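Structure data (compact mmCIF, C-alpha atoms) from model_31.txt:
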# COMPACT_ATOMS: atom_id res chain seq x y z
CA MET A 451 -3.29 -4.32 -17.26
CA THR A 452 -3.24 -4.19 -21.01
CA GLY A 453 -3.53 -0.98 -23.04
CA GLY A 454 -1.42 1.27 -20.82
CA PRO A 455 -2.30 3.02 -17.58
CA ARG A 456 -5.66 4.75 -17.19
CA SER A 457 -4.01 7.97 -16.06
CA GLY A 458 -0.56 9.48 -15.53
CA CYS A 459 -0.96 9.42 -11.75
CA PRO A 460 1.82 7.56 -9.88
CA ILE A 461 -0.63 6.29 -7.25
CA ASN A 462 -2.80 4.87 -10.01
CA ALA A 463 0.30 3.42 -11.68
CA ALA A 464 1.16 1.60 -8.44
CA VAL A 465 -2.33 0.28 -7.76
CA GLU A 466 -2.78 -0.90 -11.35
CA VAL A 467 0.00 -3.38 -10.59
CA LEU A 468 -0.52 -3.92 -6.85
CA GLY A 469 -4.18 -3.19 -6.30
CA ASP A 470 -5.36 -6.73 -5.95
CA ARG A 471 -5.32 -8.52 -2.63
CA TRP A 472 -3.86 -11.79 -3.91
CA THR A 473 -1.04 -10.00 -5.71
CA LEU A 474 0.02 -8.33 -2.46
CA LEU A 475 -0.26 -11.59 -0.50
CA VAL A 476 1.92 -13.44 -3.02
CA LEU A 477 4.53 -10.68 -2.75
CA ARG A 478 4.30 -10.82 1.05
CA ASP A 479 5.00 -14.57 0.98
CA VAL A 480 7.99 -14.22 -1.33
CA ILE A 481 9.41 -11.23 0.58
CA LEU A 482 8.76 -12.24 4.20
CA GLY A 483 8.28 -16.00 3.87
CA ASP A 484 11.13 -16.67 1.42
CA ARG A 485 8.84 -18.87 -0.70
CA ARG A 486 10.20 -19.20 -4.19
CA HIS A 487 8.25 -22.08 -5.74
CA PHE A 488 4.67 -22.48 -6.88
CA ARG A 489 3.99 -25.47 -4.63
CA GLN A 490 5.34 -23.72 -1.50
CA LEU A 491 3.38 -20.58 -2.28
CA GLN A 492 0.21 -22.60 -2.59
CA SER A 493 0.53 -25.19 0.17
CA GLN A 494 1.84 -22.77 2.81
CA SER A 495 -0.64 -20.00 2.02
CA GLU A 496 -2.31 -18.83 5.24
CA GLU A 497 -5.22 -17.57 3.20
CA GLY A 498 -5.63 -20.70 1.10
CA ILE A 499 -4.89 -19.22 -2.32
CA ALA A 500 -6.43 -21.25 -5.16
CA SER A 501 -3.96 -22.65 -7.68
CA ASN A 502 -5.54 -20.88 -10.66
CA ILE A 503 -5.40 -17.53 -8.86
CA LEU A 504 -1.79 -18.12 -7.81
CA ALA A 505 -0.81 -19.05 -11.38
CA ASP A 506 -2.55 -15.96 -12.74
CA ARG A 507 -0.96 -13.57 -10.23
CA LEU A 508 2.53 -15.03 -10.70
CA ARG A 509 2.14 -14.58 -14.46
CA SER A 510 1.01 -10.95 -14.00
CA LEU A 511 3.87 -10.22 -11.62
CA VAL A 512 6.40 -11.59 -14.13
CA GLU A 513 4.77 -9.58 -16.93
CA ALA A 514 4.88 -6.42 -14.79
CA GLY A 515 8.57 -6.94 -14.03
CA LEU A 516 8.14 -7.55 -10.29
CA LEU A 517 9.21 -11.19 -10.40
CA THR A 518 11.43 -13.17 -12.72
CA ARG A 519 10.84 -16.85 -13.35
CA ASP A 520 13.77 -19.19 -13.68
CA ASP A 521 12.35 -22.18 -15.44
CA ALA A 522 14.06 -25.41 -14.53
CA GLY A 523 12.27 -27.25 -17.32
CA ARG A 524 9.45 -28.76 -15.26
CA GLY A 525 6.46 -26.48 -14.68
CA GLN A 526 6.06 -26.35 -10.92
CA ARG A 527 9.77 -26.45 -10.17
CA ALA A 528 10.42 -22.98 -11.55
CA THR A 529 12.02 -20.56 -9.08
CA TYR A 530 10.64 -17.07 -8.73
CA SER A 531 12.92 -14.17 -7.82
CA LEU A 532 12.10 -10.64 -6.77
CA THR A 533 13.27 -7.77 -8.97
CA GLU A 534 14.58 -4.49 -7.58
CA SER A 535 11.17 -2.85 -8.00
CA ALA A 536 9.51 -5.58 -5.91
CA ILE A 537 12.23 -5.35 -3.23
CA GLN A 538 11.41 -1.65 -2.92
CA LEU A 539 7.91 -2.60 -1.80
CA VAL A 540 9.26 -3.60 1.65
CA PRO A 541 8.32 -0.25 3.30
CA ILE A 542 4.82 -0.37 1.78
CA ILE A 543 4.28 -3.91 3.04
CA VAL A 544 5.49 -2.89 6.52
CA HIS A 545 3.12 0.09 6.54
CA LEU A 546 0.20 -2.05 5.38
CA GLY A 547 0.91 -4.47 8.22
CA ALA A 548 1.14 -1.65 10.75
CA TRP A 549 -2.12 -0.16 9.52
CA GLY A 550 -3.84 -3.57 9.59
CA SER A 551 -2.58 -4.11 13.15
CA ARG A 552 -4.05 -0.87 14.34
CA HIS A 553 -7.35 -0.87 12.49
CA ARG A 554 -8.45 -4.42 11.74
CA PRO A 555 -8.93 -7.63 13.74
CA THR A 556 -5.73 -9.70 13.65
CA SER A 557 -3.98 -12.43 15.62
CA PRO A 558 -2.02 -11.14 18.67
CA VAL A 559 1.22 -12.86 17.62
CA LEU A 560 1.17 -11.62 14.04
CA ARG A 561 0.08 -8.20 15.21
CA ALA A 562 3.07 -8.02 17.54
CA GLY A 563 5.29 -9.06 14.64
CA ALA A 564 3.95 -6.30 12.40
CA GLU A 565 4.37 -3.77 15.20
CA PHE A 566 7.96 -4.89 15.71
CA MET A 567 8.72 -4.40 12.01
CA GLU A 568 7.22 -0.93 12.04
CA ALA A 569 8.94 0.15 15.25
CA ALA A 570 12.33 -1.14 14.08
CA GLY A 571 12.15 1.45 11.32
CA PRO A 572 13.94 2.09 8.03
CA GLU A 573 17.25 0.76 9.29
CA LEU A 574 15.83 -2.78 9.58
CA TRP A 575 13.87 -2.45 6.34
CA ASP A 576 17.04 -1.39 4.49
CA ASP A 577 18.89 -4.39 5.92
CA LEU A 578 16.06 -6.66 4.81
CA MET A 579 16.15 -5.15 1.33
CA ALA A 580 19.92 -5.70 1.17
CA GLU A 581 19.40 -9.34 2.15
CA LEU A 582 16.70 -9.75 -0.49
CA ARG A 583 19.04 -8.24 -3.13
CA GLU A 584 21.64 -10.82 -2.18
CA ARG A 585 19.26 -13.78 -2.25
CA HIS A 586 17.23 -12.81 -5.30
CA LEU A 587 19.58 -10.73 -7.43
CA GLY A 588 23.00 -12.03 -6.37
CA ILE A 589 24.14 -8.58 -5.23
CA PRO A 590 26.42 -9.03 -2.18
CA ARG A 591 25.23 -7.30 0.99
CA PRO A 592 27.37 -4.56 2.44
CA ALA A 593 29.62 -6.07 5.11
CA THR A 594 27.93 -5.67 8.49
CA THR A 595 28.52 -7.01 11.94
CA GLY A 596 25.80 -8.46 14.10
CA PRO A 597 22.70 -10.40 13.14
CA THR A 598 21.04 -10.06 9.73
CA ALA A 599 17.56 -8.60 9.32
CA THR A 600 16.14 -12.11 8.93
CA GLU A 601 17.87 -13.23 12.12
CA ARG A 602 16.56 -10.19 13.99
CA LEU A 603 13.04 -10.83 12.74
CA ALA A 604 13.27 -14.50 13.72
CA ALA A 605 14.53 -13.60 17.21
CA ALA A 606 11.75 -11.04 17.66
CA TYR A 607 9.20 -13.59 16.52
CA GLU A 608 10.45 -16.18 19.03
CA THR A 609 10.19 -13.66 21.85
CA ILE A 610 6.69 -12.70 20.76
CA VAL A 611 5.54 -16.34 20.58
CA ALA A 612 6.99 -17.00 24.05
CA THR A 613 5.25 -13.90 25.42
CA HIS A 614 1.90 -14.94 23.98
CA GLN A 615 2.02 -18.65 24.69
CA ASN A 616 -0.46 -18.42 27.53
CA ASP A 617 -2.94 -16.28 25.62
CA MET B 565 -15.43 -9.00 2.86
CA THR B 566 -18.08 -11.02 4.59
CA GLY B 567 -17.36 -13.93 6.93
CA GLY B 568 -14.31 -12.51 8.70
CA PRO B 569 -10.70 -12.32 7.58
CA ARG B 570 -9.07 -15.29 5.84
CA SER B 571 -6.14 -15.22 8.26
CA GLY B 572 -4.89 -13.36 11.34
CA CYS B 573 -2.14 -11.64 9.35
CA PRO B 574 -2.19 -7.82 9.60
CA ILE B 575 -1.01 -7.45 5.99
CA ASN B 576 -3.89 -9.65 4.86
CA ALA B 577 -6.24 -7.66 7.09
CA ALA B 578 -5.14 -4.46 5.36
CA VAL B 579 -5.37 -5.81 1.83
CA GLU B 580 -8.77 -7.37 2.44
CA VAL B 581 -10.04 -3.81 2.85
CA LEU B 582 -7.65 -1.94 0.54
CA GLY B 583 -6.56 -4.52 -1.99
CA ASP B 584 -8.65 -3.31 -4.87
CA ARG B 585 -7.45 -0.61 -7.22
CA TRP B 586 -10.68 1.37 -7.29
CA THR B 587 -10.92 1.44 -3.50
CA LEU B 588 -7.47 3.01 -3.26
CA LEU B 589 -8.23 5.50 -6.03
CA VAL B 590 -11.45 6.62 -4.31
CA LEU B 591 -9.50 7.12 -1.08
CA ARG B 592 -6.80 9.04 -2.98
CA ASP B 593 -9.45 11.39 -4.41
CA VAL B 594 -11.05 12.03 -1.02
CA ILE B 595 -7.69 12.48 0.75
CA LEU B 596 -5.70 14.43 -1.83
CA GLY B 597 -8.47 15.87 -3.98
CA ASP B 598 -10.87 16.87 -1.20
CA ARG B 599 -13.80 15.32 -3.10
CA ARG B 600 -16.65 14.59 -0.76
CA HIS B 601 -19.64 13.91 -3.01
CA PHE B 602 -20.55 11.09 -5.35
CA ARG B 603 -20.91 13.36 -8.39
CA GLN B 604 -17.50 15.00 -7.85
CA LEU B 605 -15.83 11.66 -7.29
CA GLN B 606 -17.27 10.38 -10.54
CA SER B 607 -17.04 13.38 -12.88
CA GLN B 608 -13.52 14.40 -11.79
CA SER B 609 -12.10 10.88 -11.83
CA GLU B 610 -8.87 10.84 -13.84
CA GLU B 611 -9.34 7.15 -14.43
CA GLY B 612 -12.99 7.38 -15.44
CA ILE B 613 -14.50 5.32 -12.64
CA ALA B 614 -17.89 3.83 -13.58
CA SER B 615 -20.81 4.91 -11.40
CA ASN B 616 -21.72 1.37 -10.34
CA ILE B 617 -18.12 0.68 -9.26
CA LEU B 618 -17.95 3.98 -7.39
CA ALA B 619 -21.24 3.26 -5.60
CA ASP B 620 -20.04 -0.23 -4.65
CA ARG B 621 -16.66 0.95 -3.34
CA LEU B 622 -18.18 3.82 -1.35
CA ARG B 623 -20.60 1.36 0.24
CA SER B 624 -17.74 -1.02 1.12
CA LEU B 625 -15.64 1.79 2.56
CA VAL B 626 -18.53 2.90 4.79
CA GLU B 627 -19.12 -0.72 5.87
CA ALA B 628 -15.43 -1.14 6.67
CA GLY B 629 -15.40 2.03 8.76
CA LEU B 630 -13.06 4.01 6.50
CA LEU B 631 -15.69 6.55 5.42
CA THR B 632 -18.83 7.86 7.02
CA ARG B 633 -21.77 9.01 4.94
CA ASP B 634 -23.73 12.03 6.03
CA ASP B 635 -26.98 11.65 4.18
CA ALA B 636 -28.60 14.95 3.33
CA GLY B 637 -31.78 13.20 2.30
CA ARG B 638 -31.17 13.15 -1.44
CA GLY B 639 -29.02 10.28 -2.74
CA GLN B 640 -26.18 11.94 -4.60
CA ARG B 641 -25.92 14.89 -2.23
CA ALA B 642 -24.60 12.83 0.64
CA THR B 643 -21.25 13.97 2.01
CA TYR B 644 -18.53 11.40 2.66
CA SER B 645 -16.01 11.95 5.45
CA LEU B 646 -12.79 10.14 6.24
CA THR B 647 -12.50 8.31 9.55
CA GLU B 648 -9.32 8.25 11.63
CA SER B 649 -8.35 4.86 10.16
CA ALA B 650 -8.59 6.24 6.61
CA ILE B 651 -6.61 9.36 7.56
CA GLN B 652 -3.83 7.07 8.76
CA LEU B 653 -3.48 5.77 5.20
CA VAL B 654 -1.71 8.99 4.17
CA PRO B 655 1.82 7.52 4.53
CA ILE B 656 0.81 4.41 2.56
CA ILE B 657 -0.64 6.52 -0.25
CA VAL B 658 2.52 8.63 -0.34
CA HIS B 659 4.68 5.51 -0.52
CA LEU B 660 2.53 4.01 -3.28
CA GLY B 661 2.93 7.22 -5.27
CA ALA B 662 6.68 7.25 -4.71
CA TRP B 663 6.96 3.62 -5.79
CA GLY B 664 4.78 4.24 -8.86
CA SER B 665 6.94 7.24 -9.79
CA ARG B 666 10.10 5.20 -9.70
CA HIS B 667 8.92 2.00 -11.29
CA ARG B 668 5.99 2.66 -13.63
CA PRO B 669 5.32 5.04 -16.52
CA THR B 670 3.67 8.24 -15.22
CA SER B 671 3.19 11.87 -16.24
CA PRO B 672 6.19 14.13 -15.46
CA VAL B 673 4.09 16.66 -13.54
CA LEU B 674 2.32 14.13 -11.36
CA ARG B 675 5.56 12.23 -10.87
CA ALA B 676 7.25 15.41 -9.60
CA GLY B 677 4.29 15.94 -7.27
CA ALA B 678 4.61 12.43 -5.83
CA GLU B 679 8.35 12.89 -5.41
CA PHE B 680 7.78 16.17 -3.58
CA MET B 681 5.37 14.49 -1.16
CA GLU B 682 7.82 11.71 -0.46
CA ALA B 683 10.82 14.00 -0.04
CA ALA B 684 8.90 16.36 2.28
CA GLY B 685 8.67 13.43 4.70
CA PRO B 686 6.60 12.60 7.77
CA GLU B 687 6.45 16.21 8.96
CA LEU B 688 4.32 17.22 5.93
CA TRP B 689 2.27 14.01 6.09
CA ASP B 690 1.50 14.65 9.77
CA ASP B 691 0.39 18.20 8.93
CA LEU B 692 -1.82 16.86 6.16
CA MET B 693 -3.35 14.32 8.54
CA ALA B 694 -4.02 17.09 11.07
CA GLU B 695 -5.77 19.12 8.35
CA LEU B 696 -7.85 16.11 7.33
CA ARG B 697 -8.84 15.53 10.97
CA GLU B 698 -10.03 19.11 11.11
CA ARG B 699 -11.99 18.99 7.85
CA HIS B 700 -13.45 15.51 8.22
CA LEU B 701 -13.69 14.93 11.96
CA GLY B 702 -13.98 18.48 13.31
CA ILE B 703 -10.86 18.08 15.44
CA PRO B 704 -9.07 21.44 15.53
CA ARG B 705 -5.52 21.41 14.19
CA PRO B 706 -2.67 22.22 16.57
CA ALA B 707 -1.89 25.93 16.22
CA THR B 708 0.94 26.33 13.73
CA THR B 709 2.56 29.23 11.98
CA GLY B 710 3.27 29.27 8.29
CA PRO B 711 1.41 27.65 5.42
CA THR B 712 -0.78 24.57 5.87
CA ALA B 713 0.09 21.24 4.26
CA THR B 714 -2.50 21.87 1.56
CA GLU B 715 -1.02 25.29 0.85
CA ARG B 716 2.48 23.82 0.68
CA LEU B 717 1.29 21.10 -1.69
CA ALA B 718 -0.50 23.65 -3.88
CA ALA B 719 2.61 25.88 -4.00
CA ALA B 720 4.82 22.91 -4.89
CA TYR B 721 2.37 21.89 -7.61
CA GLU B 722 2.40 25.39 -9.14
CA THR B 723 6.19 25.40 -9.23
CA ILE B 724 6.20 21.96 -10.82
CA VAL B 725 3.66 22.93 -13.47
CA ALA B 726 5.67 26.09 -14.29
CA THR B 727 8.86 24.03 -14.56
CA HIS B 728 7.27 21.53 -16.92
CA GLN B 729 5.26 23.89 -19.07
CA ASN B 730 7.61 23.58 -22.03
CA ASP B 731 7.80 19.78 -21.88
Do you think you could lay out the structure here as structure tokens?
Amino acid sequence: MTGGPRSGCPINAAVEVLGDRWTLLVLRDVILGDRRHFRQLQSQSEEGIASNILADRLRSLVEAGLLTRDDAGRGQRATYSLTESAIQLVPIIVHLGAWGSRHRPTSPVLRAGAEFMEAAGPELWDDLMAELRERHLGIPRPATTGPTATERLAAAYETIVATHQND
Amino acid sequence: MTGGPRSGCPINAAVEVLGDRWTLLVLRDVILGDRRHFRQLQSQSEEGIASNILADRLRSLVEAGLLTRDDAGRGQRATYSLTESAIQLVPIIVHLGAWGSRHRPTSPVLRAGAEFMEAAGPELWDDLMAELRERHLGIPRPATTGPTATERLAAAYETIVATHQND
């Protein structure tokens, strides 16, 4: 958006930045897929994002302060990092996935994954946010014992795939 | 969307329906503003939605099963009602408002309102969803004592406005 927000409403303020499907899918892929480079974000896109759309959305996200771009000197090698405001979208992304699982047609495996993330609750989401802060912002995670959020998600995903392999 | 979802991902499934700023703002106005008619939705829009955009988004929301349209026989007099899937967006809308409050420029009064809704937590959101089910789907609310969610929100809003009146 240029020219300032259209109203003072916080919901409007959020959707002016996020209210575009490709923007949310790019954020999903950085947050849950750990994709940090243009080429990865394009070639691994489940939805087949076009390169001009990806370039445009990455530029908007940097402008809006949701991503930073660390330019290594050669265009497509730049690394994108989440900012704190983008990391705080984790609960919204989980809720969107849970809502999509319940109300739209989706794949059984990915649906089970989204349901796992919702059921695990804020404790897992907070752990994931702490991991993202470490990877993207260099802020050390609080010392914890046991598996990380990413490890727990990977383990859940393996179980789900095994459960559904005869579907 | 025509032609089915672009992937089986539940987050994609959600944003294919919701990932458009005007769609989310129309839903906000029906859910939080109790606006049920085209003319209300247009004339009271804080963001000045254009009538062709409003007509298009209402049509899409009916097609996607998020709204139903009760046609009274004359175009602009039709009444729109939320479906159960749209009512279940309440937590997402609250989280979007909370995120917008924290990370984007917003008006102090509306920001305080969004913060109140977030802080009140799932208990208030559930009450609001029960009220919406009653108003839009004719499902009686569970008997409760004390003020309704709408009354609590209105009271909070009055307090907030009084607090900010010298800003």
Please produce chain A as a compact mmCIF listing (two decimals) with C-alpha atoms, in the frame of the given file once it has been superposed on chain B, the fit using all Cα atoms paired in sequence order.
# COMPACT_ATOMS: atom_id res chain seq x y z
CA MET A 451 -15.39 -9.06 2.86
CA THR A 452 -18.05 -11.06 4.61
CA GLY A 453 -17.34 -13.97 6.96
CA GLY A 454 -14.29 -12.53 8.71
CA PRO A 455 -10.68 -12.32 7.57
CA ARG A 456 -9.05 -15.29 5.85
CA SER A 457 -6.12 -15.23 8.25
CA GLY A 458 -4.88 -13.38 11.33
CA CYS A 459 -2.13 -11.64 9.35
CA PRO A 460 -2.17 -7.82 9.60
CA ILE A 461 -0.99 -7.45 5.99
CA ASN A 462 -3.86 -9.65 4.87
CA ALA A 463 -6.23 -7.67 7.11
CA ALA A 464 -5.14 -4.45 5.37
CA VAL A 465 -5.36 -5.79 1.83
CA GLU A 466 -8.77 -7.37 2.45
CA VAL A 467 -10.04 -3.81 2.85
CA LEU A 468 -7.65 -1.93 0.55
CA GLY A 469 -6.56 -4.50 -1.98
CA ASP A 470 -8.66 -3.31 -4.85
CA ARG A 471 -7.45 -0.62 -7.21
CA TRP A 472 -10.68 1.38 -7.29
CA THR A 473 -10.92 1.43 -3.51
CA LEU A 474 -7.46 3.00 -3.28
CA LEU A 475 -8.23 5.51 -6.04
CA VAL A 476 -11.44 6.62 -4.31
CA LEU A 477 -9.50 7.12 -1.08
CA ARG A 478 -6.81 9.03 -2.98
CA ASP A 479 -9.44 11.39 -4.40
CA VAL A 480 -11.04 12.03 -1.02
CA ILE A 481 -7.68 12.47 0.75
CA LEU A 482 -5.69 14.44 -1.83
CA GLY A 483 -8.47 15.87 -4.01
CA ASP A 484 -10.86 16.87 -1.21
CA ARG A 485 -13.79 15.33 -3.11
CA ARG A 486 -16.63 14.59 -0.76
CA HIS A 487 -19.63 13.93 -3.02
CA PHE A 488 -20.55 11.11 -5.35
CA ARG A 489 -20.91 13.36 -8.39
CA GLN A 490 -17.50 15.02 -7.86
CA LEU A 491 -15.83 11.67 -7.31
CA GLN A 492 -17.28 10.38 -10.55
CA SER A 493 -17.04 13.38 -12.87
CA GLN A 494 -13.52 14.41 -11.80
CA SER A 495 -12.09 10.89 -11.82
CA GLU A 496 -8.86 10.84 -13.84
CA GLU A 497 -9.35 7.15 -14.42
CA GLY A 498 -12.99 7.37 -15.44
CA ILE A 499 -14.52 5.33 -12.63
CA ALA A 500 -17.90 3.83 -13.58
CA SER A 501 -20.82 4.91 -11.40
CA ASN A 502 -21.72 1.37 -10.33
CA ILE A 503 -18.13 0.68 -9.26
CA LEU A 504 -17.94 3.99 -7.39
CA ALA A 505 -21.24 3.26 -5.60
CA ASP A 506 -20.04 -0.22 -4.66
CA ARG A 507 -16.66 0.95 -3.34
CA LEU A 508 -18.17 3.83 -1.35
CA ARG A 509 -20.60 1.36 0.24
CA SER A 510 -17.73 -1.03 1.12
CA LEU A 511 -15.64 1.79 2.55
CA VAL A 512 -18.54 2.90 4.78
CA GLU A 513 -19.13 -0.71 5.86
CA ALA A 514 -15.42 -1.14 6.66
CA GLY A 515 -15.41 2.04 8.76
CA LEU A 516 -13.07 4.02 6.49
CA LEU A 517 -15.68 6.56 5.42
CA THR A 518 -18.83 7.86 7.02
CA ARG A 519 -21.77 9.02 4.94
CA ASP A 520 -23.75 12.04 6.00
CA ASP A 521 -27.00 11.69 4.17
CA ALA A 522 -28.61 14.99 3.33
CA GLY A 523 -31.81 13.25 2.28
CA ARG A 524 -31.19 13.19 -1.48
CA GLY A 525 -29.07 10.29 -2.73
CA GLN A 526 -26.21 11.92 -4.59
CA ARG A 527 -25.92 14.89 -2.26
CA ALA A 528 -24.60 12.83 0.64
CA THR A 529 -21.23 13.97 2.00
CA TYR A 530 -18.53 11.42 2.66
CA SER A 531 -16.00 11.96 5.45
CA LEU A 532 -12.79 10.14 6.24
CA THR A 533 -12.51 8.31 9.56
CA GLU A 534 -9.33 8.24 11.62
CA SER A 535 -8.35 4.87 10.17
CA ALA A 536 -8.59 6.23 6.61
CA ILE A 537 -6.61 9.37 7.55
CA GLN A 538 -3.83 7.07 8.76
CA LEU A 539 -3.48 5.77 5.21
CA VAL A 540 -1.70 9.01 4.17
CA PRO A 541 1.83 7.51 4.51
CA ILE A 542 0.81 4.40 2.55
CA ILE A 543 -0.65 6.51 -0.25
CA VAL A 544 2.53 8.63 -0.35
CA HIS A 545 4.69 5.50 -0.53
CA LEU A 546 2.53 4.01 -3.28
CA GLY A 547 2.93 7.22 -5.27
CA ALA A 548 6.68 7.26 -4.73
CA TRP A 549 6.96 3.63 -5.80
CA GLY A 550 4.78 4.25 -8.87
CA SER A 551 6.95 7.25 -9.79
CA ARG A 552 10.10 5.21 -9.69
CA HIS A 553 8.91 2.00 -11.29
CA ARG A 554 6.00 2.68 -13.63
CA PRO A 555 5.31 5.05 -16.53
CA THR A 556 3.67 8.24 -15.23
CA SER A 557 3.17 11.86 -16.24
CA PRO A 558 6.18 14.13 -15.47
CA VAL A 559 4.08 16.66 -13.54
CA LEU A 560 2.31 14.12 -11.36
CA ARG A 561 5.54 12.23 -10.88
CA ALA A 562 7.22 15.40 -9.61
CA GLY A 563 4.28 15.92 -7.27
CA ALA A 564 4.59 12.42 -5.83
CA GLU A 565 8.33 12.87 -5.42
CA PHE A 566 7.77 16.15 -3.60
CA MET A 567 5.35 14.48 -1.17
CA GLU A 568 7.81 11.70 -0.47
CA ALA A 569 10.81 13.99 -0.04
CA ALA A 570 8.90 16.35 2.27
CA GLY A 571 8.66 13.45 4.70
CA PRO A 572 6.60 12.61 7.78
CA GLU A 573 6.45 16.21 8.96
CA LEU A 574 4.32 17.21 5.94
CA TRP A 575 2.28 14.01 6.09
CA ASP A 576 1.49 14.65 9.78
CA ASP A 577 0.40 18.20 8.93
CA LEU A 578 -1.82 16.86 6.16
CA MET A 579 -3.34 14.32 8.54
CA ALA A 580 -4.02 17.08 11.08
CA GLU A 581 -5.75 19.11 8.36
CA LEU A 582 -7.83 16.10 7.33
CA ARG A 583 -8.85 15.53 10.98
CA GLU A 584 -10.04 19.12 11.12
CA ARG A 585 -11.98 18.99 7.86
CA HIS A 586 -13.45 15.51 8.21
CA LEU A 587 -13.71 14.92 11.95
CA GLY A 588 -13.99 18.47 13.31
CA ILE A 589 -10.87 18.07 15.45
CA PRO A 590 -9.06 21.45 15.55
CA ARG A 591 -5.50 21.42 14.20
CA PRO A 592 -2.69 22.23 16.57
CA ALA A 593 -1.88 25.93 16.26
CA THR A 594 0.95 26.35 13.76
CA THR A 595 2.54 29.24 11.98
CA GLY A 596 3.26 29.27 8.29
CA PRO A 597 1.40 27.65 5.42
CA THR A 598 -0.78 24.56 5.88
CA ALA A 599 0.09 21.24 4.27
CA THR A 600 -2.51 21.87 1.57
CA GLU A 601 -1.03 25.29 0.85
CA ARG A 602 2.47 23.82 0.67
CA LEU A 603 1.30 21.10 -1.69
CA ALA A 604 -0.49 23.65 -3.87
CA ALA A 605 2.61 25.88 -4.01
CA ALA A 606 4.82 22.91 -4.90
CA TYR A 607 2.38 21.89 -7.60
CA GLU A 608 2.39 25.38 -9.14
CA THR A 609 6.18 25.39 -9.24
CA ILE A 610 6.21 21.94 -10.82
CA VAL A 611 3.66 22.94 -13.49
CA ALA A 612 5.67 26.08 -14.29
CA THR A 613 8.87 24.02 -14.54
CA HIS A 614 7.28 21.53 -16.90
CA GLN A 615 5.27 23.88 -19.07
CA ASN A 616 7.63 23.57 -22.00
CA ASP A 617 7.81 19.78 -21.86
How close does each residue of chain B get to chain A, giving the shortest atom pair and distance in Å to one decimal for every residue with an atom at most 6 Å away, counting only C-alpha atoms, sorted by chain and residue number, as JSON lines?
{"residue": "B:Arg570", "atom": "CA", "partner": "A:Glu497", "partner_atom": "CA", "distance": 5.2}
{"residue": "B:Ser571", "atom": "CA", "partner": "A:Glu497", "partner_atom": "CA", "distance": 5.7}
{"residue": "B:Gly572", "atom": "CA", "partner": "A:Thr556", "partner_atom": "CA", "distance": 4.4}
{"residue": "B:Cys573", "atom": "CA", "partner": "A:Leu560", "partner_atom": "CA", "distance": 5.7}
{"residue": "B:Pro574", "atom": "CA", "partner": "A:Gly550", "partner_atom": "CA", "distance": 4.6}
{"residue": "B:Ile575", "atom": "CA", "partner": "A:Gly547", "partner_atom": "CA", "distance": 4.2}
{"residue": "B:Ala577", "atom": "CA", "partner": "A:Gly550", "partner_atom": "CA", "distance": 5.4}
{"residue": "B:Ala578", "atom": "CA", "partner": "A:Gly550", "partner_atom": "CA", "distance": 4.5}
{"residue": "B:Val579", "atom": "CA", "partner": "A:Arg471", "partner_atom": "CA", "distance": 5.2}
{"residue": "B:Gly583", "atom": "CA", "partner": "A:Arg471", "partner_atom": "CA", "distance": 4.2}
{"residue": "B:Asp584", "atom": "CA", "partner": "A:Gly469", "partner_atom": "CA", "distance": 4.7}
{"residue": "B:Arg585", "atom": "CA", "partner": "A:Gly469", "partner_atom": "CA", "distance": 4.3}
{"residue": "B:Glu611", "atom": "CA", "partner": "A:Arg456", "partner_atom": "CA", "distance": 5.2}
{"residue": "B:Leu660", "atom": "CA", "partner": "A:Ile461", "partner_atom": "CA", "distance": 5.6}
{"residue": "B:Gly661", "atom": "CA", "partner": "A:Ile461", "partner_atom": "CA", "distance": 4.2}
{"residue": "B:Gly664", "atom": "CA", "partner": "A:Ala464", "partner_atom": "CA", "distance": 4.5}
{"residue": "B:Ser665", "atom": "CA", "partner": "A:Pro460", "partner_atom": "CA", "distance": 5.1}
{"residue": "B:Thr670", "atom": "CA", "partner": "A:Gly458", "partner_atom": "CA", "distance": 4.4}
{"residue": "B:Ser671", "atom": "CA", "partner": "A:Gly458", "partner_atom": "CA", "distance": 4.5}
{"residue": "B:Leu674", "atom": "CA", "partner": "A:Cys459", "partner_atom": "CA", "distance": 5.8}
I need the chosen residues saved as a JSON list (two decimals), in the coordinates of the input, with C-alpha atoms.
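See part32.json below for the written result:
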[["chain", "number", "residue", "atom", "x", "y", "z"],
["B", 570, "ARG", "CA", -9.07, -15.29, 5.84],
["B", 571, "SER", "CA", -6.14, -15.22, 8.26],
["B", 572, "GLY", "CA", -4.89, -13.36, 11.34],
["B", 573, "CYS", "CA", -2.14, -11.64, 9.35],
["B", 574, "PRO", "CA", -2.19, -7.82, 9.60],
["B", 575, "ILE", "CA", -1.01, -7.45, 5.99],
["B", 577, "ALA", "CA", -6.24, -7.66, 7.09],
["B", 578, "ALA", "CA", -5.14, -4.46, 5.36],
["B", 579, "VAL", "CA", -5.37, -5.81, 1.83],
["B", 583, "GLY", "CA", -6.56, -4.52, -1.99],
["B", 584, "ASP", "CA", -8.65, -3.31, -4.87],
["B", 585, "ARG", "CA", -7.45, -0.61, -7.22],
["B", 611, "GLU", "CA", -9.34, 7.15, -14.43],
["B", 660, "LEU", "CA", 2.53, 4.01, -3.28],
["B", 661, "GLY", "CA", 2.93, 7.22, -5.27],
["B", 664, "GLY", "CA", 4.78, 4.24, -8.86],
["B", 665, "SER", "CA", 6.94, 7.24, -9.79],
["B", 670, "THR", "CA", 3.67, 8.24, -15.22],
["B", 671, "SER", "CA", 3.19, 11.87, -16.24],
["B", 674, "LEU", "CA", 2.32, 14.13, -11.36]]
**Message:** So that I can check the surroundings of segment 578-586 of chain A, please list as a ChimeraX atom specification every protein, DNA and RNA residue that reaches within 12 Å of it, counting only C-alpha atoms and ignoring chain neighbours fewer than 6 positions away.
**Reply:** /A:480-486,516-520,529-541,544,567,570-572,592-594,597-603
